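Participant: Pasting data_34.cif below, which is mmCIF, C-alpha atoms.
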data_run
loop_
_atom_site.label_atom_id
_atom_site.label_comp_id
_atom_site.auth_asym_id
_atom_site.auth_seq_id
_atom_site.Cartn_x
_atom_site.Cartn_y
_atom_site.Cartn_z
CA MET A 1 -47.35 -31.36 -32.33
CA ARG A 2 -49.55 -28.66 -33.88
CA ILE A 3 -48.61 -24.98 -33.99
CA SER A 4 -50.90 -24.18 -31.03
CA GLU A 5 -49.04 -26.65 -28.79
CA LEU A 6 -45.65 -25.45 -30.07
CA ALA A 7 -46.66 -21.88 -29.18
CA ARG A 8 -47.89 -22.92 -25.73
CA ARG A 9 -44.78 -24.99 -24.91
CA ALA A 10 -42.40 -22.16 -25.88
CA GLY A 11 -44.54 -19.46 -24.25
CA VAL A 12 -44.96 -17.44 -27.46
CA PRO A 13 -48.27 -16.29 -29.08
CA VAL A 14 -49.33 -18.28 -32.19
CA GLY A 15 -49.24 -15.10 -34.29
CA THR A 16 -45.60 -14.57 -33.34
CA VAL A 17 -44.73 -18.18 -34.23
CA LYS A 18 -46.27 -17.62 -37.69
CA TYR A 19 -44.25 -14.43 -38.06
CA TYR A 20 -40.98 -16.24 -37.23
CA LEU A 21 -41.92 -18.99 -39.73
CA ARG A 22 -42.54 -16.39 -42.46
CA GLU A 23 -39.25 -14.63 -41.63
CA GLY A 24 -37.41 -17.95 -41.86
CA LEU A 25 -36.09 -17.76 -38.26
CA LEU A 26 -37.96 -21.00 -37.52
CA PRO A 27 -37.82 -23.86 -40.08
CA ALA A 28 -41.15 -24.97 -41.56
CA GLY A 29 -42.92 -27.98 -40.02
CA THR A 30 -43.88 -31.19 -41.84
CA PRO A 31 -47.15 -30.47 -43.75
CA THR A 32 -50.10 -32.72 -42.78
CA SER A 33 -52.72 -30.89 -44.87
CA ALA A 34 -52.98 -27.77 -46.98
CA THR A 35 -53.23 -25.57 -43.87
CA GLN A 36 -51.61 -27.64 -41.08
CA ALA A 37 -48.13 -28.85 -40.19
CA GLN A 38 -46.47 -30.88 -37.45
CA TYR A 39 -43.62 -29.51 -35.35
CA GLY A 40 -40.98 -31.33 -33.26
CA GLU A 41 -38.85 -30.80 -30.14
CA GLY A 42 -36.25 -28.98 -32.22
CA HIS A 43 -38.86 -26.33 -32.96
CA VAL A 44 -39.69 -25.89 -29.25
CA GLU A 45 -36.00 -25.48 -28.43
CA ARG A 46 -35.30 -22.97 -31.17
CA LEU A 47 -38.45 -20.98 -30.43
CA SER A 48 -37.51 -20.80 -26.73
CA LEU A 49 -34.06 -19.51 -27.70
CA ILE A 50 -35.56 -16.83 -29.99
CA ARG A 51 -37.94 -15.79 -27.19
CA VAL A 52 -35.03 -15.26 -24.79
CA LEU A 53 -32.88 -13.44 -27.34
CA VAL A 54 -35.72 -11.06 -28.20
CA GLY A 55 -37.04 -10.70 -24.62
CA PRO A 56 -34.42 -10.64 -21.81
CA GLY A 57 -31.65 -10.39 -24.44
CA GLY A 58 -33.25 -7.35 -26.05
CA LEU A 59 -31.90 -8.31 -29.49
CA SER A 60 -33.16 -6.99 -32.83
CA LEU A 61 -34.41 -9.58 -35.33
CA THR A 62 -31.29 -8.89 -37.41
CA ALA A 63 -29.07 -9.81 -34.45
CA VAL A 64 -31.22 -12.90 -33.78
CA ARG A 65 -30.73 -13.93 -37.41
CA THR A 66 -26.93 -13.63 -37.08
CA VAL A 67 -26.96 -15.66 -33.88
CA LEU A 68 -29.14 -18.40 -35.39
CA ALA A 69 -26.91 -18.53 -38.47
CA ALA A 70 -23.93 -19.12 -36.16
CA ILE A 71 -25.85 -21.95 -34.49
CA ASP A 72 -26.75 -23.53 -37.83
CA ASP A 73 -23.22 -23.23 -39.16
CA PRO A 74 -20.88 -22.94 -36.15
CA PRO A 75 -17.58 -21.06 -36.57
CA SER A 76 -14.57 -23.35 -36.54
CA SER A 77 -12.77 -21.77 -33.55
CA LEU A 78 -13.77 -20.53 -30.12
CA HIS A 79 -12.04 -17.24 -30.93
CA GLU A 80 -14.14 -16.70 -34.06
CA LEU A 81 -17.27 -17.74 -32.17
CA PHE A 82 -16.81 -15.10 -29.44
CA GLY A 83 -15.99 -12.57 -32.17
CA THR A 84 -19.24 -13.34 -34.04
CA ALA A 85 -21.30 -13.11 -30.86
CA HIS A 86 -19.70 -9.81 -29.81
CA SER A 87 -20.14 -8.23 -33.27
CA ALA A 88 -23.77 -9.33 -33.54
CA LEU A 89 -24.65 -8.33 -30.00
CA GLY A 90 -22.49 -5.28 -29.39
CA PRO A 91 -23.60 -1.67 -29.14
CA VAL A 92 -22.01 0.69 -31.66
CA SER A 93 -19.70 3.27 -30.14
CA THR A 94 -19.16 6.83 -31.27
CA ALA A 95 -16.12 7.53 -29.09
CA GLY A 96 -13.47 9.91 -30.38
CA ALA A 97 -9.87 9.15 -31.27
CA PRO A 98 -8.31 10.20 -27.91
CA ALA A 99 -10.64 7.87 -25.97
CA THR A 100 -9.94 5.05 -28.44
CA ALA A 101 -6.20 5.57 -27.95
CA ARG A 102 -6.71 5.42 -24.18
CA ALA A 103 -8.70 2.20 -24.53
CA ARG A 104 -5.89 0.58 -26.57
CA GLU A 105 -3.35 1.80 -23.99
CA LEU A 106 -5.37 0.15 -21.20
CA LEU A 107 -5.45 -3.12 -23.14
CA ALA A 108 -1.70 -2.95 -23.77
CA ARG A 109 -1.03 -2.24 -20.08
CA HIS A 110 -2.85 -5.45 -19.18
CA GLY A 111 -1.16 -7.38 -21.99
CA TRP A 112 -4.40 -8.39 -23.66
CA ALA A 113 -4.17 -9.75 -27.20
CA VAL A 114 -7.26 -8.31 -28.91
CA HIS A 115 -7.97 -7.15 -32.44
CA PRO A 116 -7.47 -3.33 -32.46
CA ASP A 117 -10.83 -2.88 -34.22
CA ALA A 118 -12.87 -5.29 -32.07
CA PRO A 119 -16.31 -3.73 -31.38
CA ALA A 120 -15.68 -3.89 -27.62
CA VAL A 121 -12.69 -1.53 -28.02
CA GLY A 122 -15.16 1.17 -29.14
CA GLN A 123 -17.48 0.24 -26.28
CA LEU A 124 -14.58 0.59 -23.82
CA ALA A 125 -13.54 3.91 -25.39
CA GLY A 126 -17.13 5.21 -25.03
CA ALA A 127 -17.18 4.31 -21.33
CA LEU A 128 -13.77 5.96 -20.75
CA GLU A 129 -14.97 9.11 -22.54
CA GLY A 130 -18.04 9.26 -20.29
CA LEU A 131 -15.94 8.80 -17.15
CA ASP A 132 -13.57 11.56 -18.30
CA ALA A 133 -16.47 13.97 -18.78
CA VAL A 134 -17.61 13.63 -15.16
CA ALA A 135 -14.00 13.77 -13.86
CA VAL A 136 -14.30 11.20 -11.07
CA PRO A 137 -11.24 11.37 -8.77
CA GLY A 138 -9.30 8.12 -8.30
CA ILE A 139 -11.15 6.31 -11.07
CA ASP A 140 -7.99 5.08 -12.86
CA GLY A 141 -7.01 2.68 -10.07
CA LEU A 142 -10.55 1.33 -10.00
CA ILE A 143 -10.53 0.77 -13.78
CA ASP A 144 -7.33 -1.28 -13.51
CA ARG A 145 -8.89 -3.38 -10.75
CA TYR A 146 -11.94 -3.89 -12.99
CA ALA A 147 -9.66 -5.11 -15.79
CA GLU A 148 -8.05 -7.66 -13.44
CA LEU A 149 -11.44 -8.98 -12.34
CA ALA A 150 -12.76 -8.97 -15.94
CA ALA A 151 -9.82 -11.25 -16.84
CA GLU A 152 -10.94 -13.66 -14.11
CA LEU A 153 -14.55 -13.56 -15.37
CA ALA A 154 -13.33 -14.29 -18.91
CA GLU A 155 -11.20 -17.23 -17.73
CA ALA A 156 -14.28 -18.71 -16.06
CA ASP A 157 -16.39 -18.08 -19.22
CA VAL A 158 -13.95 -19.65 -21.64
CA ALA A 159 -13.31 -22.64 -19.36
CA ALA A 160 -17.07 -23.25 -19.10
CA VAL A 161 -17.71 -23.45 -22.87
CA PRO A 162 -18.88 -27.04 -23.53
CA ALA A 163 -16.27 -28.94 -25.56
CA GLY A 164 -17.19 -31.44 -28.25
CA SER A 165 -20.51 -30.07 -29.50
CA PRO A 166 -20.26 -26.98 -31.73
CA THR A 167 -24.01 -26.31 -31.38
CA GLU A 168 -23.83 -26.41 -27.58
CA ALA A 169 -20.76 -24.16 -27.67
CA VAL A 170 -22.59 -21.56 -29.78
CA ARG A 171 -25.63 -21.65 -27.50
CA PHE A 172 -23.35 -21.20 -24.52
CA VAL A 173 -21.44 -18.25 -25.95
CA VAL A 174 -24.62 -16.53 -27.12
CA ALA A 175 -26.35 -17.07 -23.79
CA GLY A 176 -23.12 -16.02 -22.07
CA THR A 177 -22.98 -12.76 -23.99
CA VAL A 178 -26.68 -11.90 -23.92
CA LEU A 179 -27.76 -13.23 -20.53
CA LEU A 180 -24.66 -13.26 -18.33
CA GLU A 181 -24.16 -9.52 -18.88
CA PRO A 182 -27.39 -8.46 -17.10
CA LEU A 183 -26.71 -11.17 -14.50
CA LEU A 184 -23.27 -9.72 -13.80
CA LEU A 185 -24.60 -6.16 -13.50
CA ALA A 186 -27.38 -7.29 -11.13
CA LEU A 187 -24.90 -9.24 -8.99
CA ARG A 188 -22.54 -6.26 -8.81
CA ARG A 189 -25.36 -3.95 -7.64
CA LEU A 190 -26.49 -6.45 -5.01
CA ALA A 191 -22.92 -7.00 -3.87
CA GLU A 192 -22.53 -3.22 -3.54
CA GLU A 193 -25.60 -3.11 -1.31
CA ASP A 194 -24.15 -5.93 0.80
CA ALA A 195 -20.72 -4.26 0.96
CA CYS A 196 -22.38 -1.03 2.17
CA ALA A 197 -24.49 -2.87 4.73
CA ARG A 198 -21.36 -4.45 6.20
CA ARG A 199 -19.68 -1.03 6.43
CA ILE A 200 -22.59 0.83 8.04
CA GLY A 201 -21.39 3.50 10.39
CA SER A 202 -17.85 3.45 9.05
CA GLY A 203 -18.16 4.90 5.56
CA THR A 204 -21.07 7.29 5.39
CA PRO A 205 -20.58 10.05 2.83
CA ALA A 206 -22.21 12.77 4.94
CA THR A 207 -19.69 13.72 7.62
CA MET B 1 -19.79 33.35 -19.47
CA ARG B 2 -22.71 33.62 -21.87
CA ILE B 3 -24.98 30.72 -22.83
CA SER B 4 -23.13 30.18 -26.13
CA GLU B 5 -19.83 29.65 -24.32
CA LEU B 6 -21.46 27.44 -21.69
CA ALA B 7 -22.90 25.27 -24.48
CA ARG B 8 -19.55 25.09 -26.27
CA ARG B 9 -17.57 24.21 -23.10
CA ALA B 10 -19.98 21.40 -22.15
CA GLY B 11 -20.34 20.13 -25.73
CA VAL B 12 -24.13 20.57 -25.82
CA PRO B 13 -26.19 22.54 -28.41
CA VAL B 14 -27.53 25.92 -27.17
CA GLY B 15 -31.13 24.76 -27.79
CA THR B 16 -30.58 21.81 -25.48
CA VAL B 17 -29.12 24.08 -22.76
CA LYS B 18 -32.25 26.24 -22.99
CA TYR B 19 -34.41 23.13 -22.70
CA TYR B 20 -32.56 22.00 -19.54
CA LEU B 21 -32.98 25.52 -18.10
CA ARG B 22 -36.74 25.47 -18.79
CA GLU B 23 -37.02 21.96 -17.27
CA GLY B 24 -35.17 23.13 -14.14
CA LEU B 25 -32.37 20.56 -14.54
CA LEU B 26 -29.90 23.44 -14.80
CA PRO B 27 -30.22 26.42 -12.42
CA ALA B 28 -30.86 29.82 -14.02
CA GLY B 29 -27.87 32.10 -14.61
CA THR B 30 -27.43 35.63 -13.24
CA PRO B 31 -29.46 38.00 -15.47
CA THR B 32 -27.42 40.78 -17.16
CA SER B 33 -30.27 42.12 -19.32
CA ALA B 34 -33.85 41.22 -20.22
CA THR B 35 -32.66 38.47 -22.60
CA GLN B 36 -29.16 37.57 -21.36
CA ALA B 37 -27.62 35.88 -18.32
CA GLN B 38 -24.18 34.93 -17.07
CA TYR B 39 -23.22 31.36 -16.17
CA GLY B 40 -20.37 29.99 -14.03
CA GLU B 41 -18.13 26.94 -13.70
CA GLY B 42 -20.84 25.16 -11.70
CA HIS B 43 -23.08 25.34 -14.75
CA VAL B 44 -20.39 23.79 -16.99
CA GLU B 45 -19.88 20.98 -14.50
CA ARG B 46 -23.58 20.19 -14.11
CA LEU B 47 -24.23 20.42 -17.84
CA SER B 48 -21.33 18.01 -18.53
CA LEU B 49 -22.80 15.58 -16.01
CA ILE B 50 -26.26 15.78 -17.61
CA ARG B 51 -24.72 15.21 -21.04
CA VAL B 52 -23.01 12.01 -19.84
CA LEU B 53 -26.10 10.74 -18.02
CA VAL B 54 -28.29 11.27 -21.09
CA GLY B 55 -25.66 10.15 -23.64
CA PRO B 56 -23.39 7.24 -22.63
CA GLY B 57 -25.55 6.63 -19.56
CA GLY B 58 -28.72 6.36 -21.64
CA LEU B 59 -30.86 7.80 -18.82
CA SER B 60 -34.34 9.24 -19.19
CA LEU B 61 -34.85 12.85 -18.07
CA THR B 62 -36.86 11.51 -15.10
CA ALA B 63 -33.87 9.42 -14.00
CA VAL B 64 -31.54 12.40 -14.53
CA ARG B 65 -33.83 14.49 -12.30
CA THR B 66 -33.65 11.86 -9.51
CA VAL B 67 -29.87 11.71 -9.78
CA LEU B 68 -29.51 15.51 -9.70
CA ALA B 69 -31.85 15.69 -6.69
CA ALA B 70 -29.54 13.23 -4.88
CA ILE B 71 -26.57 15.44 -5.74
CA ASP B 72 -28.34 18.58 -4.49
CA ASP B 73 -29.49 16.89 -1.29
CA PRO B 74 -27.17 13.91 -0.66
CA PRO B 75 -28.56 10.91 1.25
CA SER B 76 -27.09 10.58 4.73
CA SER B 77 -25.59 7.10 4.31
CA LEU B 78 -23.60 5.32 1.65
CA HIS B 79 -26.14 2.49 1.80
CA GLU B 80 -29.03 4.84 1.02
CA LEU B 81 -26.97 6.51 -1.69
CA PHE B 82 -26.33 3.26 -3.58
CA GLY B 83 -30.04 2.40 -3.11
CA THR B 84 -31.16 5.70 -4.65
CA ALA B 85 -28.78 5.31 -7.60
CA HIS B 86 -29.86 1.70 -8.25
CA SER B 87 -33.57 2.53 -8.04
CA ALA B 88 -33.25 5.55 -10.34
CA LEU B 89 -31.04 3.78 -12.83
CA GLY B 90 -32.30 0.21 -12.74
CA PRO B 91 -34.29 -1.61 -15.41
CA VAL B 92 -37.68 -2.92 -14.30
CA SER B 93 -37.93 -6.69 -14.21
CA THR B 94 -40.94 -8.83 -15.06
CA ALA B 95 -39.51 -12.12 -13.74
CA GLY B 96 -41.91 -14.66 -12.26
CA ALA B 97 -42.07 -15.90 -8.68
CA PRO B 98 -39.95 -19.08 -9.19
CA ALA B 99 -37.07 -17.07 -10.69
CA THR B 100 -37.35 -14.48 -7.89
CA ALA B 101 -37.16 -17.30 -5.31
CA ARG B 102 -34.05 -18.66 -7.05
CA ALA B 103 -32.49 -15.19 -7.02
CA ARG B 104 -33.06 -14.85 -3.26
CA GLU B 105 -31.64 -18.37 -2.73
CA LEU B 106 -28.50 -17.37 -4.63
CA LEU B 107 -28.10 -14.27 -2.44
CA ALA B 108 -28.61 -16.36 0.73
CA ARG B 109 -26.04 -18.92 -0.45
CA HIS B 110 -23.46 -16.15 -0.75
CA GLY B 111 -24.52 -14.61 2.55
CA TRP B 112 -25.35 -11.21 1.05
CA ALA B 113 -27.39 -8.83 3.20
CA VAL B 114 -29.70 -7.12 0.70
CA HIS B 115 -33.24 -5.83 0.89
CA PRO B 116 -35.51 -8.61 -0.50
CA ASP B 117 -37.29 -6.09 -2.74
CA ALA B 118 -34.19 -4.28 -4.04
CA PRO B 119 -34.65 -3.56 -7.78
CA ALA B 120 -31.52 -5.58 -8.62
CA VAL B 121 -33.16 -8.72 -7.17
CA GLY B 122 -35.75 -8.51 -9.98
CA GLN B 123 -32.97 -7.83 -12.49
CA LEU B 124 -31.11 -10.93 -11.24
CA ALA B 125 -34.32 -13.01 -11.39
CA GLY B 126 -34.91 -11.88 -15.00
CA ALA B 127 -31.41 -12.98 -16.00
CA LEU B 128 -31.84 -16.36 -14.25
CA GLU B 129 -35.18 -16.87 -16.01
CA GLY B 130 -33.56 -16.21 -19.37
CA LEU B 131 -30.70 -18.61 -18.65
CA ASP B 132 -33.21 -21.30 -17.61
CA ALA B 133 -35.12 -20.91 -20.87
CA VAL B 134 -32.05 -21.69 -22.97
CA ALA B 135 -30.98 -24.54 -20.64
CA VAL B 136 -27.23 -23.98 -20.70
CA PRO B 137 -25.40 -26.97 -19.19
CA GLY B 138 -23.02 -26.24 -16.31
CA ILE B 139 -24.19 -22.65 -15.91
CA ASP B 140 -24.82 -22.90 -12.14
CA GLY B 141 -21.13 -23.24 -11.28
CA LEU B 142 -20.35 -20.27 -13.51
CA ILE B 143 -23.05 -18.15 -11.82
CA ASP B 144 -21.52 -18.83 -8.39
CA ARG B 145 -18.10 -17.81 -9.71
CA TYR B 146 -19.68 -14.61 -11.07
CA ALA B 147 -21.13 -13.88 -7.64
CA GLU B 148 -17.68 -14.26 -6.02
CA LEU B 149 -16.11 -11.89 -8.55
CA ALA B 150 -19.04 -9.43 -8.26
CA ALA B 151 -18.32 -9.28 -4.52
CA GLU B 152 -14.71 -8.31 -5.30
CA LEU B 153 -15.88 -5.63 -7.76
CA ALA B 154 -18.26 -4.24 -5.13
CA GLU B 155 -15.51 -4.15 -2.49
CA ALA B 156 -13.37 -2.11 -4.89
CA ASP B 157 -16.32 0.20 -5.68
CA VAL B 158 -17.28 0.90 -2.09
CA ALA B 159 -13.64 1.40 -1.05
CA ALA B 160 -13.17 3.93 -3.85
CA VAL B 161 -16.11 6.20 -2.86
CA PRO B 162 -14.54 9.54 -1.86
CA ALA B 163 -14.97 10.13 1.88
CA GLY B 164 -15.72 13.54 3.34
CA SER B 165 -17.61 15.24 0.49
CA PRO B 166 -21.23 14.11 0.05
CA THR B 167 -21.43 15.76 -3.39
CA GLU B 168 -18.31 13.98 -4.60
CA ALA B 169 -19.65 10.70 -3.18
CA VAL B 170 -22.94 11.08 -5.08
CA ARG B 171 -21.12 11.90 -8.33
CA PHE B 172 -18.91 8.87 -7.83
CA VAL B 173 -21.78 6.45 -7.14
CA VAL B 174 -23.82 7.77 -10.06
CA ALA B 175 -20.86 7.61 -12.42
CA GLY B 176 -20.03 4.18 -10.99
CA THR B 177 -23.51 2.88 -11.67
CA VAL B 178 -24.06 4.49 -15.05
CA LEU B 179 -20.58 4.43 -16.57
CA LEU B 180 -18.71 1.57 -14.92
CA GLU B 181 -21.37 -0.93 -16.04
CA PRO B 182 -20.68 -0.51 -19.79
CA LEU B 183 -16.96 -0.35 -18.96
CA LEU B 184 -17.15 -3.69 -17.14
CA LEU B 185 -19.07 -5.36 -19.97
CA ALA B 186 -16.60 -4.07 -22.56
CA LEU B 187 -13.62 -5.26 -20.46
CA ARG B 188 -15.20 -8.71 -20.02
CA ARG B 189 -15.72 -9.08 -23.79
CA LEU B 190 -12.16 -7.99 -24.52
CA ALA B 191 -10.78 -10.31 -21.82
CA GLU B 192 -12.78 -13.17 -23.40
CA GLU B 193 -11.14 -12.44 -26.73
CA ASP B 194 -7.74 -12.46 -25.06
CA ALA B 195 -8.51 -15.67 -23.14
CA CYS B 196 -9.53 -17.36 -26.42
CA ALA B 197 -6.43 -16.09 -28.21
CA ARG B 198 -4.22 -17.60 -25.50
CA ARG B 199 -6.01 -20.94 -25.82
CA ILE B 200 -5.96 -21.16 -29.61
CA GLY B 201 -5.65 -24.76 -30.75
CA SER B 202 -6.57 -26.16 -27.34
CA GLY B 203 -10.23 -25.29 -26.96
CA THR B 204 -11.91 -25.06 -30.36
CA PRO B 205 -15.58 -25.99 -30.27
CA ALA B 206 -15.53 -27.84 -33.60
CA THR B 207 -13.85 -31.16 -32.89
#
Would you write the structure of this file as structure tokens?
Facilitator:
Amino acid sequence: MRISELARRAGVPVGTVKYYLREGLLPAGTPTSATQAQYGEGHVERLSLIRVLVGPGGLSLTAVRTVLAAIDDPPSSLHELFGTAHSALGPVSTAGAPATARARELLARHGWAVHPDAPAVGQLAGALEGLDAVAVPGIDGLIDRYAELAAELAEADVAAVPAGSPTEAVRFVVAGTVLLEPLLLALRRLAEEDACARRIGSGTPAT
Amino acid sequence: MRISELARRAGVPVGTVKYYLREGLLPAGTPTSATQAQYGEGHVERLSLIRVLVGPGGLSLTAVRTVLAAIDDPPSSLHELFGTAHSALGPVSTAGAPATARARELLARHGWAVHPDAPAVGQLAGALEGLDAVAVPGIDGLIDRYAELAAELAEADVAAVPAGSPTEAVRFVVAGTVLLEPLLLALRRLAEEDACARRIGSGTPAT
């Protein structure tokens, strides 16, 4: 197909397709003349993935590049694959040493085997630091319950990774990191609304 | 205390404190001269909350204003309180009608009583649209499992809201929305790493 059809099928403006081609995020098509080239289904698929990573995923082009590199040359283990996705896609934390120590303590309490310098440890420390600053009573018990449920989410994630095809596995982990996170947050908010609705009259804060 | 001590105690630069005073986010102190005023513990507490909302929470000043208004004049029901927090703190979705219909179908399947135009419905629709675009095999089963676990998270959240004090309840819901979300995402990533580590050798994607 020509670049105009490729752009239409993936839902991306032609100018953006040309930009991705120049940046090397999208491989060149097969030239048919000095100014035209033909593109295949592989181009549509990759362009759709880039669109999602940049749009709903909110990724920078640098992060997209890292993710595409992992797809082109998949890591040899599931562990390394999740690590690559988390490093490429994770926010950078600026939490202090006490919060970081608390984060590691929480992980140890739940018996989780994680690298002490994993980016998510900093992310966890940042969240704990924020919670400390607003001094929410009874939050510690809730955090432990969150850790238990996070372990169940992770079990479901890891069990769902397609076996056999490294490319499919990478796509799954990337989509799982980028797209399941907003999904989870939306579901939690909706479930909160439902939980409140079912409690109406029994748990109003104004007494 | 003077403004310099207030700034130091809350960990905010003096210039920023003055800005919050001018913007009305922080109530004026008690004047002691033409150019000086005294501040109390209430100021430290509110300033610390603003710092967390703007920093780890990543809120705009408009969102901070909405949250502070809810603290100053708490909604009369828990349901309304969660609604206010979600509206003030939620991202705006641009999902299309088919994805929105799928989101409502998912909520109906789980029997959740939520307002059809709740902001999180759009957020959920956006995430579903993104997942569709990358066509991840077997994702539907995983989404249903996420919904079940989100319901358990929400039960824990709603049960943990302090009863009796509307101000404490608002602080809790705001902190729960703004700060527990990054906490949950960090815990899920760390739990994934742990789940992979425990499976090493049994579930590598490269076969």
Participant: Up to 6 Å from chain B, what residues of chain A turn up? Count all atoms listed in the file and give them as a PyMOL selection string.
Facilitator: chain A and resi 49+52+76-79+112-114+120+123-124+127+130+134+150-151+154+163-164+166+179+183+186-188+191-192+194+196+204-207
Participant: Which value, in Å to one decimal, gives the distance between atom CA of Ala88 of chain B and atom CA of Leu68 of chain B?
Facilitator: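 A separation of 10.7 Å between them.
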Participant: Give me, please, the distance in Å between atom CA of Ile3 of chain B and atom CA of Glu41 of chain B, quoted to one decimal.
Facilitator: 12.0 Å
Participant: Skip Thr16 of chain B itself and residues of its chain fewer than 5 positions away, then list as an NGL selection string all residues within 10 Å of it, counting all atoms listed in the file.
Facilitator: :B and (7 or 21-22 or 51)
Participant: Expressed in Å to a single decimal, how great is the separation between atom CA of Leu25 of chain A and atom CA of Val64 of chain A?
Facilitator: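 That distance, rounded to one decimal, is 8.2 Å.
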Participant: Using only C-alpha atoms for the distances, tell me which of A:Val54, A:Ala28, A:Leu89, A:Val67 is nearest to Gly42 of chain A.
Facilitator: A:Ala28
Participant: Missing atoms in segment 102-116 of chain A should be modelled up to N, CA, C and O atoms and reported as a PDB file, keeping the file's coordinate frame.
Facilitator:
ATOM      1  N   ARG A 102      -6.784   5.781 -25.602  1.00  0.00           N
ATOM      2  CA  ARG A 102      -6.710   5.420 -24.180  1.00  0.00           C
ATOM      3  C   ARG A 102      -7.159   3.990 -23.939  1.00  0.00           C
ATOM      4  O   ARG A 102      -6.585   3.276 -23.119  1.00  0.00           O
ATOM      5  N   ALA A 103      -8.203   3.571 -24.666  1.00  0.00           N
ATOM      6  CA  ALA A 103      -8.700   2.200 -24.530  1.00  0.00           C
ATOM      7  C   ALA A 103      -7.622   1.202 -24.941  1.00  0.00           C
ATOM      8  O   ALA A 103      -7.355   0.223 -24.234  1.00  0.00           O
ATOM      9  N   ARG A 104      -6.949   1.486 -26.071  1.00  0.00           N
ATOM     10  CA  ARG A 104      -5.890   0.580 -26.570  1.00  0.00           C
ATOM     11  C   ARG A 104      -4.720   0.527 -25.589  1.00  0.00           C
ATOM     12  O   ARG A 104      -4.094  -0.503 -25.374  1.00  0.00           O
ATOM     13  N   GLU A 105      -4.435   1.691 -24.985  1.00  0.00           N
ATOM     14  CA  GLU A 105      -3.350   1.800 -23.990  1.00  0.00           C
ATOM     15  C   GLU A 105      -3.662   0.926 -22.768  1.00  0.00           C
ATOM     16  O   GLU A 105      -2.800   0.235 -22.239  1.00  0.00           O
ATOM     17  N   LEU A 106      -4.930   0.971 -22.346  1.00  0.00           N
ATOM     18  CA  LEU A 106      -5.370   0.150 -21.200  1.00  0.00           C
ATOM     19  C   LEU A 106      -5.200  -1.326 -21.516  1.00  0.00           C
ATOM     20  O   LEU A 106      -4.695  -2.100 -20.688  1.00  0.00           O
ATOM     21  N   LEU A 107      -5.581  -1.721 -22.725  1.00  0.00           N
ATOM     22  CA  LEU A 107      -5.450  -3.120 -23.140  1.00  0.00           C
ATOM     23  C   LEU A 107      -3.984  -3.537 -23.164  1.00  0.00           C
ATOM     24  O   LEU A 107      -3.626  -4.630 -22.703  1.00  0.00           O
ATOM     25  N   ALA A 108      -3.124  -2.643 -23.688  1.00  0.00           N
ATOM     26  CA  ALA A 108      -1.700  -2.950 -23.770  1.00  0.00           C
ATOM     27  C   ALA A 108      -1.105  -3.097 -22.375  1.00  0.00           C
ATOM     28  O   ALA A 108      -0.292  -3.991 -22.108  1.00  0.00           O
ATOM     29  N   ARG A 109      -1.544  -2.211 -21.452  1.00  0.00           N
ATOM     30  CA  ARG A 109      -1.030  -2.240 -20.080  1.00  0.00           C
ATOM     31  C   ARG A 109      -1.328  -3.588 -19.411  1.00  0.00           C
ATOM     32  O   ARG A 109      -0.555  -4.084 -18.612  1.00  0.00           O
ATOM     33  N   HIS A 110      -2.488  -4.165 -19.764  1.00  0.00           N
ATOM     34  CA  HIS A 110      -2.850  -5.450 -19.180  1.00  0.00           C
ATOM     35  C   HIS A 110      -2.397  -6.633 -20.038  1.00  0.00           C
ATOM     36  O   HIS A 110      -2.676  -7.777 -19.704  1.00  0.00           O
ATOM     37  N   GLY A 111      -1.695  -6.312 -21.156  1.00  0.00           N
ATOM     38  CA  GLY A 111      -1.160  -7.380 -21.990  1.00  0.00           C
ATOM     39  C   GLY A 111      -2.206  -8.228 -22.676  1.00  0.00           C
ATOM     40  O   GLY A 111      -1.990  -9.414 -22.915  1.00  0.00           O
ATOM     41  N   TRP A 112      -3.341  -7.608 -23.010  1.00  0.00           N
ATOM     42  CA  TRP A 112      -4.400  -8.390 -23.660  1.00  0.00           C
ATOM     43  C   TRP A 112      -4.195  -8.401 -25.166  1.00  0.00           C
ATOM     44  O   TRP A 112      -4.029  -7.353 -25.787  1.00  0.00           O
ATOM     45  N   ALA A 113      -4.286  -9.595 -25.747  1.00  0.00           N
ATOM     46  CA  ALA A 113      -4.170  -9.750 -27.200  1.00  0.00           C
ATOM     47  C   ALA A 113      -5.562  -9.655 -27.798  1.00  0.00           C
ATOM     48  O   ALA A 113      -6.290 -10.636 -27.801  1.00  0.00           O
ATOM     49  N   VAL A 114      -5.951  -8.456 -28.268  1.00  0.00           N
ATOM     50  CA  VAL A 114      -7.260  -8.310 -28.910  1.00  0.00           C
ATOM     51  C   VAL A 114      -7.083  -7.576 -30.219  1.00  0.00           C
ATOM     52  O   VAL A 114      -6.146  -6.798 -30.395  1.00  0.00           O
ATOM     53  N   HIS A 115      -7.995  -7.827 -31.150  1.00  0.00           N
ATOM     54  CA  HIS A 115      -7.970  -7.150 -32.440  1.00  0.00           C
ATOM     55  C   HIS A 115      -8.198  -5.656 -32.196  1.00  0.00           C
ATOM     56  O   HIS A 115      -9.147  -5.297 -31.500  1.00  0.00           O
ATOM     57  N   PRO A 116      -7.331  -4.775 -32.771  1.00  0.00           N
ATOM     58  CA  PRO A 116      -7.470  -3.330 -32.460  1.00  0.00           C
ATOM     59  C   PRO A 116      -8.816  -2.750 -32.871  1.00  0.00           C
ATOM     60  O   PRO A 116      -9.222  -1.719 -32.340  1.00  0.00           O
TER      61      PRO A 116
END
